[in-house]
Amino acid sequence: MLKKFILAILLIGLLSACEKIAENNTVFEEQMFVMGTIVNVTLYGEEEKKSQKVFHNLLKDFKYMQAAWNPWKKGSLGRINSLLPHGEDFSIGPALKDIIVTSAELSEQSEGLFNPAIGQLIKLWQFNKDELPAGPPPSEAQIKNWLTQQASMTDLEVGELSLKTNNPAVILDFGAFAKGYAVDKAIEYLLLAGVENAIINAGGDLRAIGSKNGKPWVIGIRDPRADGVIAVAEIQGDESVFTSGDYERFYDYQGKRYHHILDPRTGYPAMETTSVTVLHKKAAVADAAATALFVAGPNDWTRIARKMGVDKVMLIDKQGKIYLTPEMQKRIRLQNEEKRDISVVSLDK
Ligand code: AMP
Ligand code: MG
């Protein structure tokens, strides 16, 4: 009897030792090419079998979201975009309703600078295509005409499970926010699956939960005008880092550069900023805010950041000047700090 008891204790001891090793040291990583970018998922302290199952389910989910949310191809959002111009009520599913309602709220907070209703303008600039456009840019007359129609998320009438607009210029494109929203959904799934330490990195934009073996995750933020990183951030717990940059998608036409982040007030690419990085718990908010603050530029970003409820921001303007909130300054280490023009700006009025 005593022997059995001792054996049981030994076994329990052994088991917990194995668990400990698994908890602390195992790392499983998977790379997926989805949503136009490479998505890296890293899980810490999980068993191999469970990790493989999680990767399989995540890939399926990402592929589903990619197809459903493409504004320009056949799929749930493509269908919505083909029905909107008719001005009649039509049915929508709960998943897209949530995206529409969430993004409409963020759009309102951003004073319409983040505006997913500008699909038509994105098409005019040819940024609707998978491949990079060659130009030419739209004519001044085309831009002027687009501006008169004032397409905005407030033009949408969202019913229980229906949608309608009386503005035929409204075409939805969630390119500035879908990646963040998808990463949030993926993290929700990981948490439900019992994963506590993980990072989902979608082409440099990411959300992490937990830690890397008790240590923070160290994240590089790309230099918008040079190879390599301009800063590193340490994150721990549940947090996202999203960057919008003018270097991500652009084309040169007759000596001028046109990039993909458009200012809904002018109809042209926002020219005062080169990159904006936002740290925030939710990836969807960080993603929408990075785009909105990019458009807001060095003069207006503090007001929009306050309205959108984000306090960890770095904005780099076209002269290379770096604007930081005090909260962001505490969280990042800038490379070659002494050589840079840095302005720390509090969001308090
Ligand atoms: P991001 O890299 O998150 O800033 O998103 C840029 C993408 O969002 C572009 O490729 C467009 O599809 C879309 N977009 C561009 N300008 C805006 C804007 N002002 N509001 C909402 N979406 C935009
Ligand atoms: Mg964005």
# chains A, B, ... in the order shown; residues from 1 in each chain; ligands from 1
>>> residues_around(residues="Pro264 (chain A)", least_positions_apart="3", cutoff="9 Å", atoms="only C-alpha atoms", output="PyMOL selection string")
chain A and resi 112-115+118+121+147+150-151+267-270+295
>>> write_last_selection(atoms="all heavy atoms", output="short mmCIF file (atom, residue, chain, number, x, y, z; two decimals), in the first residue's frame")
data_model
loop_
_atom_site.label_atom_id
_atom_site.label_comp_id
_atom_site.auth_asym_id
_atom_site.auth_seq_id
_atom_site.Cartn_x
_atom_site.Cartn_y
_atom_site.Cartn_z
N GLY A 112 -14.10 60.91 -39.46
CA GLY A 112 -14.17 60.45 -40.85
C GLY A 112 -12.83 60.35 -41.55
O GLY A 112 -12.78 60.11 -42.76
N LEU A 113 -11.72 60.50 -40.80
CA LEU A 113 -10.40 60.36 -41.45
C LEU A 113 -10.10 58.89 -41.74
O LEU A 113 -9.49 58.54 -42.74
CB LEU A 113 -9.30 60.99 -40.60
CG LEU A 113 -9.48 62.48 -40.32
CD1 LEU A 113 -8.30 63.02 -39.55
CD2 LEU A 113 -9.67 63.26 -41.63
N PHE A 114 -10.53 58.00 -40.83
CA PHE A 114 -10.62 56.57 -41.15
C PHE A 114 -12.02 56.39 -41.72
O PHE A 114 -13.00 56.58 -41.01
CB PHE A 114 -10.40 55.74 -39.88
CG PHE A 114 -10.92 54.32 -39.97
CD1 PHE A 114 -10.35 53.42 -40.86
CD2 PHE A 114 -11.97 53.89 -39.17
CE1 PHE A 114 -10.83 52.11 -40.96
CE2 PHE A 114 -12.45 52.58 -39.26
CZ PHE A 114 -11.87 51.70 -40.15
N ASN A 115 -12.09 56.13 -43.02
CA ASN A 115 -13.40 56.09 -43.66
C ASN A 115 -13.51 54.89 -44.60
O ASN A 115 -13.11 54.97 -45.77
CB ASN A 115 -13.64 57.40 -44.42
CG ASN A 115 -15.00 57.42 -45.09
OD1 ASN A 115 -15.74 56.43 -45.03
ND2 ASN A 115 -15.33 58.51 -45.74
N ILE A 118 -14.87 54.67 -48.53
CA ILE A 118 -14.22 55.31 -49.69
C ILE A 118 -13.71 54.31 -50.73
O ILE A 118 -12.75 54.60 -51.47
CB ILE A 118 -13.05 56.25 -49.27
CG1 ILE A 118 -11.91 55.46 -48.59
CG2 ILE A 118 -13.54 57.38 -48.36
CD1 ILE A 118 -10.63 56.28 -48.40
N LEU A 121 -13.04 55.72 -54.18
CA LEU A 121 -11.82 56.53 -54.29
C LEU A 121 -10.60 55.61 -54.40
O LEU A 121 -9.69 55.86 -55.20
CB LEU A 121 -11.68 57.45 -53.07
CG LEU A 121 -10.50 58.42 -53.11
CD1 LEU A 121 -10.68 59.48 -54.20
CD2 LEU A 121 -10.30 59.11 -51.75
N LEU A 147 -15.39 63.94 -54.55
CA LEU A 147 -15.55 64.72 -53.32
C LEU A 147 -16.98 65.24 -53.15
O LEU A 147 -17.47 65.35 -52.03
CB LEU A 147 -14.57 65.91 -53.31
CG LEU A 147 -13.10 65.57 -53.01
CD1 LEU A 147 -12.22 66.79 -53.20
CD2 LEU A 147 -12.93 65.02 -51.59
N GLN A 150 -19.37 62.87 -51.10
CA GLN A 150 -19.25 62.76 -49.63
C GLN A 150 -19.57 61.38 -49.08
O GLN A 150 -20.36 61.26 -48.12
CB GLN A 150 -20.20 63.77 -48.96
CG GLN A 150 -19.96 65.22 -49.31
CD GLN A 150 -18.93 65.84 -48.37
OE1 GLN A 150 -18.99 65.63 -47.17
NE2 GLN A 150 -17.99 66.57 -48.93
N ALA A 151 -19.00 60.33 -49.64
CA ALA A 151 -19.29 58.97 -49.15
C ALA A 151 -18.78 58.79 -47.72
O ALA A 151 -17.61 59.06 -47.44
CB ALA A 151 -18.63 57.95 -50.07
N GLY A 267 -9.14 63.76 -51.24
CA GLY A 267 -9.19 62.75 -52.29
C GLY A 267 -7.80 62.30 -52.74
O GLY A 267 -7.69 61.40 -53.58
N TYR A 268 -6.73 62.90 -52.18
CA TYR A 268 -5.35 62.56 -52.56
C TYR A 268 -4.66 61.80 -51.42
O TYR A 268 -5.10 61.88 -50.26
CB TYR A 268 -4.57 63.84 -52.87
CG TYR A 268 -4.94 64.43 -54.22
CD1 TYR A 268 -6.05 65.25 -54.34
CD2 TYR A 268 -4.19 64.13 -55.35
CE1 TYR A 268 -6.42 65.78 -55.58
CE2 TYR A 268 -4.55 64.65 -56.59
CZ TYR A 268 -5.66 65.47 -56.70
OH TYR A 268 -6.02 65.96 -57.93
N PRO A 269 -3.55 61.11 -51.72
CA PRO A 269 -2.78 60.49 -50.63
C PRO A 269 -2.38 61.53 -49.59
O PRO A 269 -2.08 62.67 -49.94
CB PRO A 269 -1.54 59.94 -51.35
CG PRO A 269 -1.99 59.70 -52.76
CD PRO A 269 -2.97 60.79 -53.05
N ALA A 270 -2.41 61.13 -48.32
CA ALA A 270 -2.05 62.05 -47.22
C ALA A 270 -0.54 62.25 -47.25
O ALA A 270 0.21 61.30 -47.09
CB ALA A 270 -2.48 61.45 -45.88
N VAL A 295 -3.55 60.00 -41.63
CA VAL A 295 -4.28 61.00 -42.43
C VAL A 295 -4.32 62.33 -41.68
O VAL A 295 -4.13 63.41 -42.27
CB VAL A 295 -5.71 60.51 -42.75
CG1 VAL A 295 -6.49 61.59 -43.50
CG2 VAL A 295 -5.68 59.22 -43.56
#
>>> residues_around(residues="Lys212 (chain A)", least_positions_apart="5", cutoff="8 Å", atoms="only C-alpha atoms", output="JSON, numbers by chain")
{"A": [44, 197, 198, 217]}
>>> write_last_selection(atoms="all heavy atoms", output="PDB file, in the first residue's frame")
ATOM      1  N   TYR A  44       3.650  29.526 -27.243  1.00  0.00           N
ATOM      2  CA  TYR A  44       4.614  29.129 -26.222  1.00  0.00           C
ATOM      3  C   TYR A  44       3.969  28.180 -25.223  1.00  0.00           C
ATOM      4  O   TYR A  44       2.836  28.420 -24.786  1.00  0.00           O
ATOM      5  CB  TYR A  44       5.129  30.363 -25.471  1.00  0.00           C
ATOM      6  CG  TYR A  44       6.325  30.962 -26.154  1.00  0.00           C
ATOM      7  CD1 TYR A  44       6.164  31.770 -27.257  1.00  0.00           C
ATOM      8  CD2 TYR A  44       7.604  30.672 -25.706  1.00  0.00           C
ATOM      9  CE1 TYR A  44       7.259  32.298 -27.916  1.00  0.00           C
ATOM     10  CE2 TYR A  44       8.704  31.196 -26.354  1.00  0.00           C
ATOM     11  CZ  TYR A  44       8.533  32.002 -27.452  1.00  0.00           C
ATOM     12  OH  TYR A  44       9.616  32.516 -28.093  1.00  0.00           O
ATOM     13  N   ASN A 197       0.003  32.016 -24.007  1.00  0.00           N
ATOM     14  CA  ASN A 197       1.176  32.782 -24.448  1.00  0.00           C
ATOM     15  C   ASN A 197       1.342  32.617 -25.953  1.00  0.00           C
ATOM     16  O   ASN A 197       1.651  31.512 -26.422  1.00  0.00           O
ATOM     17  CB  ASN A 197       2.434  32.277 -23.730  1.00  0.00           C
ATOM     18  CG  ASN A 197       2.284  32.383 -22.225  1.00  0.00           C
ATOM     19  OD1 ASN A 197       2.207  33.471 -21.670  1.00  0.00           O
ATOM     20  ND2 ASN A 197       2.195  31.239 -21.568  1.00  0.00           N
ATOM     21  N   ALA A 198       1.107  33.701 -26.687  1.00  0.00           N
ATOM     22  CA  ALA A 198       1.152  33.582 -28.146  1.00  0.00           C
ATOM     23  C   ALA A 198       1.321  34.945 -28.778  1.00  0.00           C
ATOM     24  O   ALA A 198       1.058  35.987 -28.144  1.00  0.00           O
ATOM     25  CB  ALA A 198      -0.145  32.951 -28.657  1.00  0.00           C
ATOM     26  N   TRP A 217       7.805  40.388 -25.124  1.00  0.00           N
ATOM     27  CA  TRP A 217       8.074  40.242 -26.557  1.00  0.00           C
ATOM     28  C   TRP A 217       8.789  41.515 -27.021  1.00  0.00           C
ATOM     29  O   TRP A 217       8.385  42.610 -26.658  1.00  0.00           O
ATOM     30  CB  TRP A 217       6.773  40.120 -27.351  1.00  0.00           C
ATOM     31  CG  TRP A 217       5.767  39.157 -26.817  1.00  0.00           C
ATOM     32  CD1 TRP A 217       4.726  39.441 -25.988  1.00  0.00           C
ATOM     33  CD2 TRP A 217       5.680  37.752 -27.090  1.00  0.00           C
ATOM     34  NE1 TRP A 217       4.004  38.308 -25.726  1.00  0.00           N
ATOM     35  CE2 TRP A 217       4.566  37.252 -26.398  1.00  0.00           C
ATOM     36  CE3 TRP A 217       6.429  36.868 -27.872  1.00  0.00           C
ATOM     37  CZ2 TRP A 217       4.179  35.928 -26.447  1.00  0.00           C
ATOM     38  CZ3 TRP A 217       6.043  35.545 -27.927  1.00  0.00           C
ATOM     39  CH2 TRP A 217       4.939  35.079 -27.212  1.00  0.00           C
TER      40      TRP A 217
END
>>> residues_around(residues="Gly78 (chain A)", least_positions_apart="4", cutoff="12 Å", atoms="only C-alpha atoms", output="VMD selection string")
chain A and resid 66 to 74 82 to 84 92 96 119 171 to 174
>>> residues_near_ligand(ligand="ligand 2", cutoff="9 Å", atoms="only C-alpha atoms and all ligand atoms", output="PyMOL selection string")
chain A and resi 114+174-180+242-244+284-292
>>> select_by_dssp(residues="region 95-330 of chain A", states="strand (DSSP E or B)", output="number ranges by chain")
A: 118, 156-158, 162-165, 171, 198-202, 205-209, 212, 215, 217-222, 229-235, 239-245, 250-253, 256-259, 262, 269, 273-280, 312-317, 322-324
>>> select_by_dssp(residues="region 13-244 of chain A", states="helix (DSSP H, G or I)", output="PyMOL selection string")
chain A and resi 13-25+48-68+76-86+94-109+119-124+140-149+153-155+178-192
>>> residues_around(residues="Ala226 (chain A)", least_positions_apart="3", cutoff="12 Å", atoms="only C-alpha atoms", output="list in words")
Ile221, Arg222, Asp223, Val229, Ile230, Tyr247, Thr274, Gly320 and Gln335 of chain A
>>> write_last_selection(atoms="C-alpha atoms", output="PDB file, in the first residue's frame")
ATOM      1  CA  ILE A 221       9.177  49.093 -35.755  1.00  0.00           C
ATOM      2  CA  ARG A 222      10.307  49.717 -39.316  1.00  0.00           C
ATOM      3  CA  ASP A 223      12.126  52.889 -40.339  1.00  0.00           C
ATOM      4  CA  VAL A 229      14.093  49.341 -37.570  1.00  0.00           C
ATOM      5  CA  ILE A 230      13.691  52.838 -36.148  1.00  0.00           C
ATOM      6  CA  TYR A 247       6.186  52.774 -48.068  1.00  0.00           C
ATOM      7  CA  THR A 274       5.488  58.791 -43.443  1.00  0.00           C
ATOM      8  CA  GLY A 320      11.675  62.782 -40.366  1.00  0.00           C
ATOM      9  CA  GLN A 335      17.691  53.797 -32.547  1.00  0.00           C
TER      10      GLN A 335
END
>>> closest_residue(among="A:Ile100, A:Asn145, A:Leu190, A:Pro168", to="Asn57 (chain A)", atoms="only C-alpha atoms")
A:Leu190
>>> residues_around(residues="region 213-215 of chain A", least_positions_apart="6", cutoff="10 Å", atoms="only C-alpha atoms", output="ChimeraX atom specification")
/A:23-27,44-45,197,234-236
>>> residues_around(residues="Leu279 (chain A)", least_positions_apart="2", cutoff="8 Å", atoms="only C-alpha atoms", output="compact mmCIF listing (two decimals) with N, CA, C and O atoms, in the first residue's frame")
# COMPACT_ATOMS: atom_id res chain seq x y z
N GLU A 239 -1.56 42.94 -25.80
CA GLU A 239 -1.33 44.23 -26.45
C GLU A 239 -1.07 44.05 -27.95
O GLU A 239 -0.53 43.05 -28.38
N SER A 240 -1.44 45.09 -28.72
CA SER A 240 -1.22 45.08 -30.17
C SER A 240 -0.33 46.24 -30.59
O SER A 240 -0.32 47.28 -29.94
N VAL A 241 0.39 46.04 -31.67
CA VAL A 241 1.21 47.11 -32.27
C VAL A 241 0.89 47.14 -33.76
O VAL A 241 1.10 46.15 -34.45
N PHE A 242 0.37 48.28 -34.24
CA PHE A 242 0.04 48.41 -35.66
C PHE A 242 0.69 49.67 -36.24
O PHE A 242 0.69 50.72 -35.61
N THR A 277 2.68 54.58 -35.67
CA THR A 277 2.58 53.32 -34.94
C THR A 277 1.70 53.54 -33.70
O THR A 277 1.86 54.54 -33.00
N LYS A 281 -4.61 47.76 -26.70
CA LYS A 281 -4.98 46.36 -26.44
C LYS A 281 -5.58 45.71 -27.70
O LYS A 281 -5.12 44.69 -28.17
N ALA A 286 -6.17 49.63 -32.88
CA ALA A 286 -4.81 50.08 -33.24
C ALA A 286 -4.69 50.25 -34.75
O ALA A 286 -4.10 51.23 -35.24
N VAL A 310 -6.78 56.31 -27.96
CA VAL A 310 -5.45 55.67 -27.98
C VAL A 310 -4.44 56.64 -27.40
O VAL A 310 -4.49 57.85 -27.66
N ASP A 311 -3.52 56.13 -26.56
CA ASP A 311 -2.56 57.05 -25.93
C ASP A 311 -1.11 56.69 -26.21
O ASP A 311 -0.21 57.44 -25.84
N LYS A 312 -0.86 55.56 -26.86
CA LYS A 312 0.54 55.20 -27.16
C LYS A 312 0.75 55.32 -28.67
O LYS A 312 0.38 54.42 -29.44
N VAL A 313 1.31 56.46 -29.08
CA VAL A 313 1.40 56.79 -30.51
C VAL A 313 2.79 57.30 -30.84
O VAL A 313 3.37 58.09 -30.09
N MET A 328 3.94 56.52 -25.03
CA MET A 328 4.68 55.74 -26.04
C MET A 328 6.18 55.83 -25.77
O MET A 328 6.90 54.83 -25.91
>>> closest_residue(among="A:Arg265, A:Lys339, A:Arg333, A:Arg306", to="ligand 1", atoms="only C-alpha atoms and all ligand atoms")
A:Arg265
>>> closest_residue(among="A:His86, A:Lys97, A:His260, A:His56", to="Gly159 (chain A)", atoms="only C-alpha atoms")
A:Lys97
>>> closest_residue(among="A:Thr154, A:Ala233, A:Gln254, A:Phe62", to="Glu108 (chain A)", atoms="only C-alpha atoms")
A:Thr154
>>> closest_residue(among="A:Gln149, A:Gln319, A:Ser346, A:Ser51", to="Gly194 (chain A)", atoms="only C-alpha atoms")
A:Ser51
